[in-house]
$ cat upload-v6.pdb   # PDB, C-alpha atoms (C1' of nucleotides)
ATOM      1  CA  MET A   1     -19.047   7.656 -13.207
ATOM      2  CA  LYS A   2     -17.424   5.909 -10.294
ATOM      3  CA  LYS A   3     -14.113   6.517  -8.573
ATOM      4  CA  PHE A   4     -11.972   4.183  -6.537
ATOM      5  CA  ALA A   5      -8.649   4.785  -4.873
ATOM      6  CA  THR A   6      -5.875   3.188  -2.870
ATOM      7  CA  TRP A   7      -3.469   4.798  -0.412
ATOM      8  CA  ASN A   8      -0.793   3.423   1.865
ATOM      9  CA  VAL A   9      -1.032   5.947   4.704
ATOM     10  CA  ASN A  10       1.816   4.643   6.912
ATOM     11  CA  SER A  11      -0.111   4.996  10.190
ATOM     12  CA  LEU A  12      -3.714   6.129  10.165
ATOM     13  CA  SER A  13      -3.245   7.743  13.585
ATOM     14  CA  ILE A  14      -0.831  10.222  12.074
ATOM     15  CA  ARG A  15      -2.540  10.508   8.693
ATOM     16  CA  LEU A  16      -6.268  10.602   9.575
ATOM     17  CA  PRO A  17      -6.570  14.392   9.067
ATOM     18  CA  GLN A  18      -4.936  14.044   5.651
ATOM     19  CA  VAL A  19      -7.239  11.172   4.707
ATOM     20  CA  LEU A  20     -10.311  13.213   5.672
ATOM     21  CA  ASP A  21      -9.008  16.255   3.775
ATOM     22  CA  TRP A  22      -8.261  14.091   0.777
ATOM     23  CA  LEU A  23     -11.727  12.502   0.816
ATOM     24  CA  SER A  24     -13.429  15.894   0.872
ATOM     25  CA  ALA A  25     -11.380  16.947  -2.166
ATOM     26  CA  HIS A  26     -11.819  13.530  -3.840
ATOM     27  CA  PRO A  27     -15.214  12.121  -2.861
ATOM     28  CA  VAL A  28     -14.481   8.656  -4.239
ATOM     29  CA  ASP A  29     -16.937   5.769  -4.026
ATOM     30  CA  ALA A  30     -14.378   3.608  -2.253
ATOM     31  CA  LEU A  31     -10.890   4.075  -0.825
ATOM     32  CA  VAL A  32      -8.701   1.268   0.463
ATOM     33  CA  LEU A  33      -5.989   2.047   2.985
ATOM     34  CA  GLN A  34      -2.857   0.139   3.874
ATOM     35  CA  GLU A  35      -0.531   0.273   6.871
ATOM     36  CA  THR A  36      -3.144   1.651   9.235
ATOM     37  CA  LYS A  37      -0.985   0.237  12.095
ATOM     38  CA  LEU A  38      -3.990   0.185  14.420
ATOM     39  CA  THR A  39      -5.633  -2.520  16.463
ATOM     40  CA  ASP A  40      -9.337  -2.800  15.658
ATOM     41  CA  ASP A  41     -10.411  -1.143  18.916
ATOM     42  CA  LYS A  42      -8.465   2.014  18.016
ATOM     43  CA  PHE A  43      -9.911   2.422  14.532
ATOM     44  CA  PRO A  44     -11.381   5.927  13.950
ATOM     45  CA  THR A  45     -14.835   4.802  12.791
ATOM     46  CA  LEU A  46     -16.543   7.893  14.215
ATOM     47  CA  GLU A  47     -14.459  10.432  12.278
ATOM     48  CA  ILE A  48     -14.837   8.507   9.030
ATOM     49  CA  GLY A  49     -18.576   8.141   9.619
ATOM     50  CA  GLU A  50     -18.898  11.879  10.183
ATOM     51  CA  ALA A  51     -17.245  12.401   6.803
ATOM     52  CA  GLY A  52     -20.145  10.494   5.247
ATOM     53  CA  TYR A  53     -18.448   7.162   4.719
ATOM     54  CA  GLN A  54     -18.943   3.570   5.767
ATOM     55  CA  VAL A  55     -15.879   1.593   6.732
ATOM     56  CA  GLN A  56     -14.684  -1.956   7.205
ATOM     57  CA  TRP A  57     -11.347  -2.470   8.908
ATOM     58  CA  PHE A  58      -8.890  -5.151   9.874
ATOM     59  CA  GLY A  59      -5.778  -4.339  11.819
ATOM     60  CA  GLN A  60      -3.126  -5.371  14.314
ATOM     61  CA  LYS A  61      -0.611  -3.742  16.585
ATOM     62  CA  THR A  62       2.301  -1.753  15.122
ATOM     63  CA  TYR A  63       2.395  -3.304  11.658
ATOM     64  CA  ASN A  64       0.200  -3.744   8.585
ATOM     65  CA  GLY A  65      -3.553  -3.138   8.871
ATOM     66  CA  VAL A  66      -6.031  -2.401   6.074
ATOM     67  CA  ALA A  67      -9.389  -0.672   5.653
ATOM     68  CA  LEU A  68     -12.146  -0.325   3.078
ATOM     69  CA  ILE A  69     -13.870   3.058   3.179
ATOM     70  CA  SER A  70     -16.950   3.375   0.973
ATOM     71  CA  ARG A  71     -20.021   5.530   0.356
ATOM     72  CA  GLU A  72     -22.259   2.474   0.205
ATOM     73  CA  LYS A  73     -21.799  -0.123   2.887
ATOM     74  CA  ALA A  74     -19.607  -2.982   1.741
ATOM     75  CA  THR A  75     -21.126  -6.444   1.899
ATOM     76  CA  ASP A  76     -19.670  -9.970   1.908
ATOM     77  CA  VAL A  77     -16.549  -8.682   3.623
ATOM     78  CA  VAL A  78     -13.542 -10.974   3.666
ATOM     79  CA  LYS A  79     -10.434 -10.389   5.774
ATOM     80  CA  ASN A  80      -7.132 -11.795   4.529
ATOM     81  CA  ILE A  81      -6.695 -14.469   1.877
ATOM     82  CA  THR A  82      -9.193 -17.301   2.175
ATOM     83  CA  GLY A  83      -7.238 -20.536   2.545
ATOM     84  CA  PHE A  84      -4.017 -18.895   3.731
ATOM     85  CA  ALA A  85      -3.443 -18.761   7.470
ATOM     86  CA  ASP A  86      -1.779 -15.428   8.098
ATOM     87  CA  GLU A  87      -0.763 -13.724  11.332
ATOM     88  CA  GLN A  88      -0.592 -10.421   9.489
ATOM     89  CA  ALA A  89      -3.559  -8.190   8.584
ATOM     90  CA  ARG A  90      -3.034  -7.502   4.874
ATOM     91  CA  VAL A  91      -6.245  -7.879   2.872
ATOM     92  CA  ILE A  92      -9.797  -6.587   3.067
ATOM     93  CA  ALA A  93     -12.400  -7.281   0.409
ATOM     94  CA  GLY A  94     -16.022  -6.271   0.050
ATOM     95  CA  THR A  95     -18.751  -5.775  -2.512
ATOM     96  CA  VAL A  96     -19.577  -2.101  -3.112
ATOM     97  CA  ASP A  97     -22.243  -1.039  -5.650
ATOM     98  CA  GLY A  98     -21.984  -4.406  -7.404
ATOM     99  CA  LEU A  99     -18.205  -4.249  -7.659
ATOM    100  CA  ARG A 100     -15.890  -6.565  -5.790
ATOM    101  CA  VAL A 101     -13.265  -4.304  -4.213
ATOM    102  CA  ILE A 102     -10.131  -5.990  -2.900
ATOM    103  CA  GLY A 103      -7.544  -3.952  -1.010
ATOM    104  CA  GLY A 104      -4.156  -5.463  -0.288
ATOM    105  CA  TYR A 105      -0.992  -4.612   1.551
ATOM    106  CA  PHE A 106       1.362  -7.022  -0.141
ATOM    107  CA  PRO A 107       4.402  -8.117   1.887
ATOM    108  CA  ASN A 108       7.499  -5.970   1.474
ATOM    109  CA  GLY A 109       9.847  -8.934   1.295
ATOM    110  CA  GLN A 110      12.833  -7.072   2.776
ATOM    111  CA  ALA A 111      15.556  -8.765   0.668
ATOM    112  CA  PRO A 112      15.566 -11.568  -1.914
ATOM    113  CA  ASP A 113      17.540 -13.918   0.352
ATOM    114  CA  SER A 114      15.399 -13.365   3.461
ATOM    115  CA  ASP A 115      12.664 -15.358   5.189
ATOM    116  CA  LYS A 116      10.379 -12.415   4.537
ATOM    117  CA  PHE A 117      10.892 -12.908   0.797
ATOM    118  CA  THR A 118       9.851 -16.561   1.095
ATOM    119  CA  TYR A 119       6.734 -15.400   2.941
ATOM    120  CA  LYS A 120       6.074 -12.873   0.170
ATOM    121  CA  MET A 121       6.288 -15.596  -2.490
ATOM    122  CA  ASN A 122       3.927 -17.901  -0.559
ATOM    123  CA  TRP A 123       1.549 -15.025   0.076
ATOM    124  CA  LEU A 124       1.477 -14.132  -3.627
ATOM    125  CA  THR A 125       0.817 -17.736  -4.647
ATOM    126  CA  SER A 126      -2.043 -17.998  -2.159
ATOM    127  CA  LEU A 127      -3.439 -14.649  -3.278
ATOM    128  CA  ARG A 128      -3.547 -15.887  -6.873
ATOM    129  CA  HIS A 129      -5.364 -19.091  -5.958
ATOM    130  CA  TRP A 130      -7.925 -17.144  -3.939
ATOM    131  CA  LEU A 131      -8.396 -14.584  -6.747
ATOM    132  CA  ILE A 132      -9.291 -17.376  -9.158
ATOM    133  CA  GLN A 133     -12.241 -18.111  -6.871
ATOM    134  CA  GLU A 134     -13.126 -14.424  -6.491
ATOM    135  CA  LEU A 135     -13.113 -13.996 -10.286
ATOM    136  CA  LYS A 136     -15.450 -16.956 -10.654
ATOM    137  CA  ALA A 137     -17.847 -15.437  -8.127
ATOM    138  CA  HIS A 138     -17.632 -11.813  -9.310
ATOM    139  CA  GLU A 139     -17.445 -10.369 -12.796
ATOM    140  CA  ASN A 140     -16.430  -6.851 -11.774
ATOM    141  CA  VAL A 141     -13.307  -6.991  -9.633
ATOM    142  CA  VAL A 142     -10.949  -4.166  -8.644
ATOM    143  CA  LEU A 143      -7.723  -5.335  -7.000
ATOM    144  CA  MET A 144      -5.764  -2.440  -5.583
ATOM    145  CA  GLY A 145      -3.223  -1.587  -2.966
ATOM    146  CA  ASP A 146       0.452  -1.449  -2.150
ATOM    147  CA  PHE A 147       1.774  -4.370  -4.178
ATOM    148  CA  ASN A 148       5.404  -3.745  -3.194
ATOM    149  CA  ILE A 149       6.290  -4.770  -6.760
ATOM    150  CA  ALA A 150       7.575  -2.503  -9.516
ATOM    151  CA  PRO A 151       6.288  -4.449 -12.546
ATOM    152  CA  GLU A 152       8.706  -3.088 -15.149
ATOM    153  CA  ASP A 153      11.929  -1.109 -15.415
ATOM    154  CA  ARG A 154       9.951   1.985 -16.400
ATOM    155  CA  ASP A 155       8.403   1.812 -12.921
ATOM    156  CA  VAL A 156      11.822   2.366 -11.311
ATOM    157  CA  TYR A 157      13.798   5.627 -11.173
ATOM    158  CA  ASP A 158      17.137   3.804 -11.487
ATOM    159  CA  PRO A 159      16.501   0.333 -12.942
ATOM    160  CA  VAL A 160      20.212  -0.484 -13.099
ATOM    161  CA  ALA A 161      20.791   0.202  -9.413
ATOM    162  CA  TRP A 162      17.565  -1.632  -8.488
ATOM    163  CA  ALA A 163      18.096  -4.672 -10.746
ATOM    164  CA  GLY A 164      17.477  -7.790  -8.656
ATOM    165  CA  GLN A 165      16.702  -5.731  -5.557
ATOM    166  CA  ILE A 166      13.513  -6.104  -3.547
ATOM    167  CA  HIS A 167      10.409  -4.872  -5.443
ATOM    168  CA  CYS A 168      12.234  -5.527  -8.742
ATOM    169  CA  THR A 169      13.273  -9.183  -8.691
ATOM    170  CA  PRO A 170      12.257 -11.449 -11.590
ATOM    171  CA  GLU A 171      10.336 -13.614  -9.103
ATOM    172  CA  GLU A 172       8.173 -10.712  -7.922
ATOM    173  CA  ARG A 173       7.612  -9.493 -11.475
ATOM    174  CA  GLU A 174       6.608 -13.004 -12.521
ATOM    175  CA  HIS A 175       4.002 -13.036  -9.770
ATOM    176  CA  PHE A 176       2.670  -9.708 -11.000
ATOM    177  CA  GLN A 177       2.409 -11.094 -14.535
ATOM    178  CA  GLN A 178       0.597 -14.161 -13.229
ATOM    179  CA  LEU A 179      -2.014 -11.844 -11.714
ATOM    180  CA  ILE A 180      -2.337 -10.154 -15.110
ATOM    181  CA  GLN A 181      -2.775 -13.584 -16.720
ATOM    182  CA  LEU A 182      -5.810 -14.204 -14.527
ATOM    183  CA  GLY A 183      -7.486 -11.563 -16.683
ATOM    184  CA  PHE A 184      -6.561  -8.389 -14.818
ATOM    185  CA  THR A 185      -5.383  -5.194 -16.486
ATOM    186  CA  ASP A 186      -3.009  -2.647 -14.941
ATOM    187  CA  ALA A 187      -5.340   0.366 -15.253
ATOM    188  CA  PHE A 188      -2.494   2.882 -15.053
ATOM    189  CA  ARG A 189      -0.979   1.523 -18.273
ATOM    190  CA  LEU A 190      -4.197   1.854 -20.254
ATOM    191  CA  PHE A 191      -3.221   5.508 -20.686
ATOM    192  CA  ASP A 192      -0.276   7.627 -21.721
ATOM    193  CA  GLN A 193       1.346   8.691 -18.471
ATOM    194  CA  PRO A 194       4.012  11.222 -17.633
ATOM    195  CA  PRO A 195       7.452   9.602 -17.656
ATOM    196  CA  LYS A 196       8.924   8.971 -14.197
ATOM    197  CA  SER A 197       5.530   8.349 -12.623
ATOM    198  CA  TRP A 198       6.013   6.913  -9.156
ATOM    199  CA  SER A 199       3.684   6.118  -6.268
ATOM    200  CA  TRP A 200       6.341   5.802  -3.525
ATOM    201  CA  TRP A 201       9.402   7.817  -2.608
ATOM    202  CA  ASP A 202      11.739   6.859   0.237
ATOM    203  CA  TYR A 203      11.670   9.285   3.148
ATOM    204  CA  ARG A 204      15.457   9.273   2.991
ATOM    205  CA  ASN A 205      17.872  10.904   0.597
ATOM    206  CA  LEU A 206      15.548  13.752  -0.406
ATOM    207  CA  ALA A 207      13.986  11.175  -2.704
ATOM    208  CA  PHE A 208      10.749  13.040  -3.323
ATOM    209  CA  ARG A 209      12.500  16.325  -4.095
ATOM    210  CA  LYS A 210      14.733  14.472  -6.548
ATOM    211  CA  ASN A 211      11.764  12.428  -7.850
ATOM    212  CA  GLN A 212      13.538   9.170  -7.093
ATOM    213  CA  GLY A 213      10.756   6.691  -6.601
ATOM    214  CA  LEU A 214       9.032   3.480  -7.624
ATOM    215  CA  ARG A 215       5.571   2.676  -8.923
ATOM    216  CA  ILE A 216       4.529  -0.063  -6.512
ATOM    217  CA  ASP A 217       0.904   0.922  -5.773
ATOM    218  CA  HIS A 218      -1.443  -0.442  -8.393
ATOM    219  CA  ILE A 219      -5.052  -0.770  -9.488
ATOM    220  CA  LEU A 220      -5.891  -3.902 -11.464
ATOM    221  CA  VAL A 221      -9.311  -4.357 -13.061
ATOM    222  CA  SER A 222     -11.019  -7.502 -14.303
ATOM    223  CA  GLU A 223     -11.829  -8.025 -17.985
ATOM    224  CA  ALA A 224     -15.444  -6.842 -17.639
ATOM    225  CA  LEU A 225     -14.302  -3.500 -16.208
ATOM    226  CA  LYS A 226     -11.451  -2.811 -18.610
ATOM    227  CA  GLY A 227     -13.610  -1.049 -21.200
ATOM    228  CA  ARG A 228     -15.153   1.188 -18.540
ATOM    229  CA  VAL A 229     -11.873   2.659 -17.298
ATOM    230  CA  THR A 230     -11.656   6.325 -18.317
ATOM    231  CA  ALA A 231      -8.707   7.406 -16.154
ATOM    232  CA  CYS A 232      -6.084   6.173 -13.726
ATOM    233  CA  GLU A 233      -3.830   8.678 -12.014
ATOM    234  CA  ILE A 234      -1.338   9.022  -9.215
ATOM    235  CA  ASP A 235      -2.106  12.008  -6.983
ATOM    236  CA  LYS A 236       1.309  13.343  -5.977
ATOM    237  CA  LEU A 237      -0.130  16.273  -4.045
ATOM    238  CA  PRO A 238      -0.444  14.587  -0.612
ATOM    239  CA  ARG A 239       3.251  13.670  -0.784
ATOM    240  CA  LYS A 240       3.904  17.425  -0.536
ATOM    241  CA  ASN A 241       2.042  17.704   2.772
ATOM    242  CA  GLU A 242       3.909  18.673   5.904
ATOM    243  CA  ARG A 243       3.945  15.159   7.392
ATOM    244  CA  PRO A 244       3.336  13.024   4.332
ATOM    245  CA  SER A 245       2.990   9.309   3.901
ATOM    246  CA  ASP A 246       5.813   7.957   1.784
ATOM    247  CA  HIS A 247       3.127   6.740  -0.684
ATOM    248  CA  ALA A 248       0.766   8.717  -2.909
ATOM    249  CA  PRO A 249      -2.849   7.736  -3.619
ATOM    250  CA  VAL A 250      -3.771   6.151  -6.959
ATOM    251  CA  ILE A 251      -7.220   6.940  -8.383
ATOM    252  CA  LEU A 252      -9.322   4.957 -10.855
ATOM    253  CA  THR A 253     -12.254   6.425 -12.795
ATOM    254  CA  LEU A 254     -14.916   4.165 -14.311
ATOM    255  CA  ASP A 255     -17.577   5.072 -16.823
ATOM    256  CA  GLY A 256     -21.191   4.249 -16.021
TER     257      GLY A 256
ATOM    258  C1'  DA B   1      25.362   8.242   3.296
ATOM    259  C1'  DT B   2      22.957   3.262   6.883
ATOM    260  C1'  DG B   3      20.876  10.200   4.996
ATOM    261  C1'  DT B   4      13.787   9.401   7.428
ATOM    262  C1'  DC B   5       9.709   8.040   9.335
ATOM    263  C1'  DG B   6       6.454   5.551  12.726
ATOM    264  C1'  DG B   7       5.484   2.504  16.655
ATOM    265  C1'  DG B   8       6.892   0.423  20.765
ATOM    266  C1'  DA B   9       9.446  -0.520  24.823
ATOM    267  C1'  DC B  10      14.042  -2.209  28.691
ATOM    268  C1'  DC B  11      10.510   4.760  27.459
ATOM    269  C1'  DT B  12      13.852  11.235  26.521
ATOM    270  C1'  DT B  13      16.874   6.678  23.533
ATOM    271  C1'  DC B  14      17.206   2.557  21.405
ATOM    272  C1'  DC B  15      15.326  -1.116  18.190
ATOM    273  C1'  DC B  16      12.704  -2.912  14.250
ATOM    274  C1'  DG B  17      10.391  -2.524   9.821
ATOM    275  C1'  DA B  18       9.784  -0.092   5.776
TER     276       DA B  18
END

$ encode --input "upload-v6.pdb" --output "structure tokens"
Amino acid sequence: MKKFATWNVNSLSIRLPQVLDWLSAHPVDALVLQETKLTDDKFPTLEIGEAGYQVQWFGQKTYNGVALISREKATDVVKNITGFADEQARVIAGTVDGLRVIGGYFPNGQAPDSDKFTYKMNWLTSLRHWLIQELKAHENVVLMGDFNIAPEDRDVYDPVAWAGQIHCTPEEREHFQQLIQLGFTDAFRLFDQPPKSWSWWDYRNLAFRKNQGLRIDHILVSEALKGRVTACEIDKLPRKNERPSDHAPVILTLDG
DNA sequence: ATGTCGGGACCTTCCCGA
């Protein structure tokens, strides 16, 4: 049995103790983090090493930043999308125990009429082209992270209010479906899930208390892995911590 | 409710991004 997870921590400086606590309760084989918001020289390699994990990291000042934490050292590490020049640190990929693990912090996009949305569309197109190559090179691929896309209306607490809004536009959802068409499966939807399952709740408006959220953090598995998936769950517990991230971790369990 | 966070700088208060 193997376990993989993704978590947007919204600043690893603030959240490191929670990440270490979480790892001791959930000793996963690999965990990808998003929004570390740390330059590479400030990355807490020592603390993560003391917890018994290897780590690869790729960050920048103030914004973005990703990491791949794993029991076994990741090899063939790639930072950002090959073939897409990007100022922003958003992707880290590595091979762990024969599985290609790709962690992504997809652009937020801000608003459908913004420059940031155009960037998001270009980023998604480039990601897809690169993934075609990754899928040719690796049979077992796990693509996970903060996609900043709610794929369907059932992934949105108020689909009417959010219709056409960022995370829910037809263009973003089309990009998500194009990833699925590469041969990926949304592991969360392989199983019956509680209704109103979200992975993100706005800090504002008492959103978590009212369970007003979106499912925008995902774990996609390649065709060869689909039959090995035995569970995929959102762990809401860390969102109840005293200084929580606005995102909850998502956990994948594989047979064998 | 444009309601909260986190980081950073023109730094104890504002701005941006989410």

$ interface_residues --input "upload-v6.pdb" --of "chain A" --to "chain B" --cutoff "8 Å" --atoms "all atoms listed in the file" --output "ChimeraX atom specification"
/A:10-11,62,108,202-205

$ closest_residue --input "upload-v6.pdb" --among "A:Leu225, A:Val91, A:Met121, A:Val101" --to "Glu35 (chain A)" --atoms "only C-alpha atoms"
A:Val91

$ axis_aligned_box --input "upload-v6.pdb" --around "region 55-59 of chain A" --padding-each-side "4 Å" --output "JSON"
{"center_x": -10.8, "center_y": -1.8, "center_z": 9.3, "size_x": 18.1, "size_y": 14.7, "size_z": 13.1}

$ resolve_selection --input "upload-v6.pdb" --expression "the PyMOL selection byres ((chain A and resi 66) around 12)" --output "number ranges by chain"
A: 6-12, 31-40, 43, 55-61, 63-65, 67-69, 78-80, 88-93, 102-106, 144-146

$ atom_distance --input "upload-v6.pdb" --atom1 "CA of Arg15 (chain A)" --atom2 "CA of Lys240 (chain A)"
13.2 Å

$ atom_distance --input "upload-v6.pdb" --atom1 "CA of Trp200 (chain A)" --atom2 "CA of Thr230 (chain A)"
23.3 Å

$ resolve_selection --input "upload-v6.pdb" --expression "the PyMOL selection byres ((chain A and resi 19-23) around 12)" --output "mmCIF file with C-alpha atoms, in the frame of the given file"
data_model
loop_
_atom_site.group_PDB
_atom_site.id
_atom_site.type_symbol
_atom_site.label_atom_id
_atom_site.label_comp_id
_atom_site.auth_asym_id
_atom_site.auth_seq_id
_atom_site.Cartn_x
_atom_site.Cartn_y
_atom_site.Cartn_z
ATOM 1 C CA LYS A 3 -14.113 6.517 -8.573
ATOM 2 C CA PHE A 4 -11.972 4.183 -6.537
ATOM 3 C CA ALA A 5 -8.649 4.785 -4.873
ATOM 4 C CA THR A 6 -5.875 3.188 -2.870
ATOM 5 C CA TRP A 7 -3.469 4.798 -0.412
ATOM 6 C CA ASN A 8 -0.793 3.423 1.865
ATOM 7 C CA VAL A 9 -1.032 5.947 4.704
ATOM 8 C CA ASN A 10 1.816 4.643 6.912
ATOM 9 C CA SER A 11 -0.111 4.996 10.190
ATOM 10 C CA LEU A 12 -3.714 6.129 10.165
ATOM 11 C CA SER A 13 -3.245 7.743 13.585
ATOM 12 C CA ILE A 14 -0.831 10.222 12.074
ATOM 13 C CA ARG A 15 -2.540 10.508 8.693
ATOM 14 C CA LEU A 16 -6.268 10.602 9.575
ATOM 15 C CA PRO A 17 -6.570 14.392 9.067
ATOM 16 C CA GLN A 18 -4.936 14.044 5.651
ATOM 17 C CA SER A 24 -13.429 15.894 0.872
ATOM 18 C CA ALA A 25 -11.380 16.947 -2.166
ATOM 19 C CA HIS A 26 -11.819 13.530 -3.840
ATOM 20 C CA PRO A 27 -15.214 12.121 -2.861
ATOM 21 C CA VAL A 28 -14.481 8.656 -4.239
ATOM 22 C CA ASP A 29 -16.937 5.769 -4.026
ATOM 23 C CA ALA A 30 -14.378 3.608 -2.253
ATOM 24 C CA LEU A 31 -10.890 4.075 -0.825
ATOM 25 C CA VAL A 32 -8.701 1.268 0.463
ATOM 26 C CA LEU A 33 -5.989 2.047 2.985
ATOM 27 C CA GLN A 34 -2.857 0.139 3.874
ATOM 28 C CA THR A 36 -3.144 1.651 9.235
ATOM 29 C CA PRO A 44 -11.381 5.927 13.950
ATOM 30 C CA THR A 45 -14.835 4.802 12.791
ATOM 31 C CA LEU A 46 -16.543 7.893 14.215
ATOM 32 C CA GLU A 47 -14.459 10.432 12.278
ATOM 33 C CA ILE A 48 -14.837 8.507 9.030
ATOM 34 C CA GLY A 49 -18.576 8.141 9.619
ATOM 35 C CA GLU A 50 -18.898 11.879 10.183
ATOM 36 C CA ALA A 51 -17.245 12.401 6.803
ATOM 37 C CA GLY A 52 -20.145 10.494 5.247
ATOM 38 C CA TYR A 53 -18.448 7.162 4.719
ATOM 39 C CA ILE A 69 -13.870 3.058 3.179
ATOM 40 C CA SER A 70 -16.950 3.375 0.973
ATOM 41 C CA ARG A 71 -20.021 5.530 0.356
ATOM 42 C CA ASP A 235 -2.106 12.008 -6.983
ATOM 43 C CA LYS A 236 1.309 13.343 -5.977
ATOM 44 C CA LEU A 237 -0.130 16.273 -4.045
ATOM 45 C CA PRO A 238 -0.444 14.587 -0.612
ATOM 46 C CA ARG A 239 3.251 13.670 -0.784
ATOM 47 C CA ASN A 241 2.042 17.704 2.772
ATOM 48 C CA PRO A 244 3.336 13.024 4.332
ATOM 49 C CA SER A 245 2.990 9.309 3.901
ATOM 50 C CA ALA A 248 0.766 8.717 -2.909
ATOM 51 C CA PRO A 249 -2.849 7.736 -3.619
ATOM 52 C CA VAL A 250 -3.771 6.151 -6.959
ATOM 53 C CA ILE A 251 -7.220 6.940 -8.383
#

$ resolve_selection --input "upload-v6.pdb" --expression "the PyMOL selection byres ((chain A and resi 168) around 9)" --output "CSV table (one decimal) with C-alpha atoms, in the coordinates of the input"
chain,number,residue,atom,x,y,z
A,148,ASN,CA,5.4,-3.7,-3.2
A,149,ILE,CA,6.3,-4.8,-6.8
A,150,ALA,CA,7.6,-2.5,-9.5
A,151,PRO,CA,6.3,-4.4,-12.5
A,152,GLU,CA,8.7,-3.1,-15.1
A,153,ASP,CA,11.9,-1.1,-15.4
A,156,VAL,CA,11.8,2.4,-11.3
A,159,PRO,CA,16.5,0.3,-12.9
A,162,TRP,CA,17.6,-1.6,-8.5
A,163,ALA,CA,18.1,-4.7,-10.7
A,164,GLY,CA,17.5,-7.8,-8.7
A,165,GLN,CA,16.7,-5.7,-5.6
A,166,ILE,CA,13.5,-6.1,-3.5
A,167,HIS,CA,10.4,-4.9,-5.4
A,169,THR,CA,13.3,-9.2,-8.7
A,170,PRO,CA,12.3,-11.4,-11.6
A,171,GLU,CA,10.3,-13.6,-9.1
A,172,GLU,CA,8.2,-10.7,-7.9
A,173,ARG,CA,7.6,-9.5,-11.5

$ atom_distance --input "upload-v6.pdb" --atom1 "CA of Arg189 (chain A)" --atom2 "CA of Glu174 (chain A)"
17.4 Å

$ closest_residue --input "upload-v6.pdb" --among "A:Met1, A:Ile219, A:Leu182, A:Ala231" --to "Lys136 (chain A)" --atoms "only C-alpha atoms"
A:Leu182

$ decode --input "upload-v6.pdb" --residues "region 52-72 of chain A" --atoms "C-alpha atoms" --output "mmCIF file, in the first residue's frame"
data_model
loop_
_atom_site.group_PDB
_atom_site.id
_atom_site.type_symbol
_atom_site.label_atom_id
_atom_site.label_comp_id
_atom_site.auth_asym_id
_atom_site.auth_seq_id
_atom_site.Cartn_x
_atom_site.Cartn_y
_atom_site.Cartn_z
ATOM 1 C CA GLY A 52 12.539 11.157 8.254
ATOM 2 C CA TYR A 53 11.798 12.619 4.852
ATOM 3 C CA GLN A 54 13.712 13.624 1.759
ATOM 4 C CA VAL A 55 12.699 16.826 0.041
ATOM 5 C CA GLN A 56 13.036 18.644 -3.250
ATOM 6 C CA TRP A 57 11.979 22.273 -3.364
ATOM 7 C CA PHE A 58 11.560 25.170 -5.729
ATOM 8 C CA GLY A 59 10.506 28.560 -4.497
ATOM 9 C CA GLN A 60 10.586 32.328 -4.841
ATOM 10 C CA LYS A 61 9.973 35.364 -2.710
ATOM 11 C CA THR A 62 6.476 36.097 -1.363
ATOM 12 C CA TYR A 63 4.445 34.109 -3.880
ATOM 13 C CA ASN A 64 4.008 30.544 -5.129
ATOM 14 C CA GLY A 65 6.675 27.944 -4.318
ATOM 15 C CA VAL A 66 6.340 24.149 -4.352
ATOM 16 C CA ALA A 67 7.985 21.150 -2.696
ATOM 17 C CA LEU A 68 8.088 17.378 -3.025
ATOM 18 C CA ILE A 69 8.547 15.598 0.299
ATOM 19 C CA SER A 70 9.133 11.849 0.064
ATOM 20 C CA ARG A 71 10.342 8.845 2.056
ATOM 21 C CA GLU A 72 12.535 7.698 -0.815
#
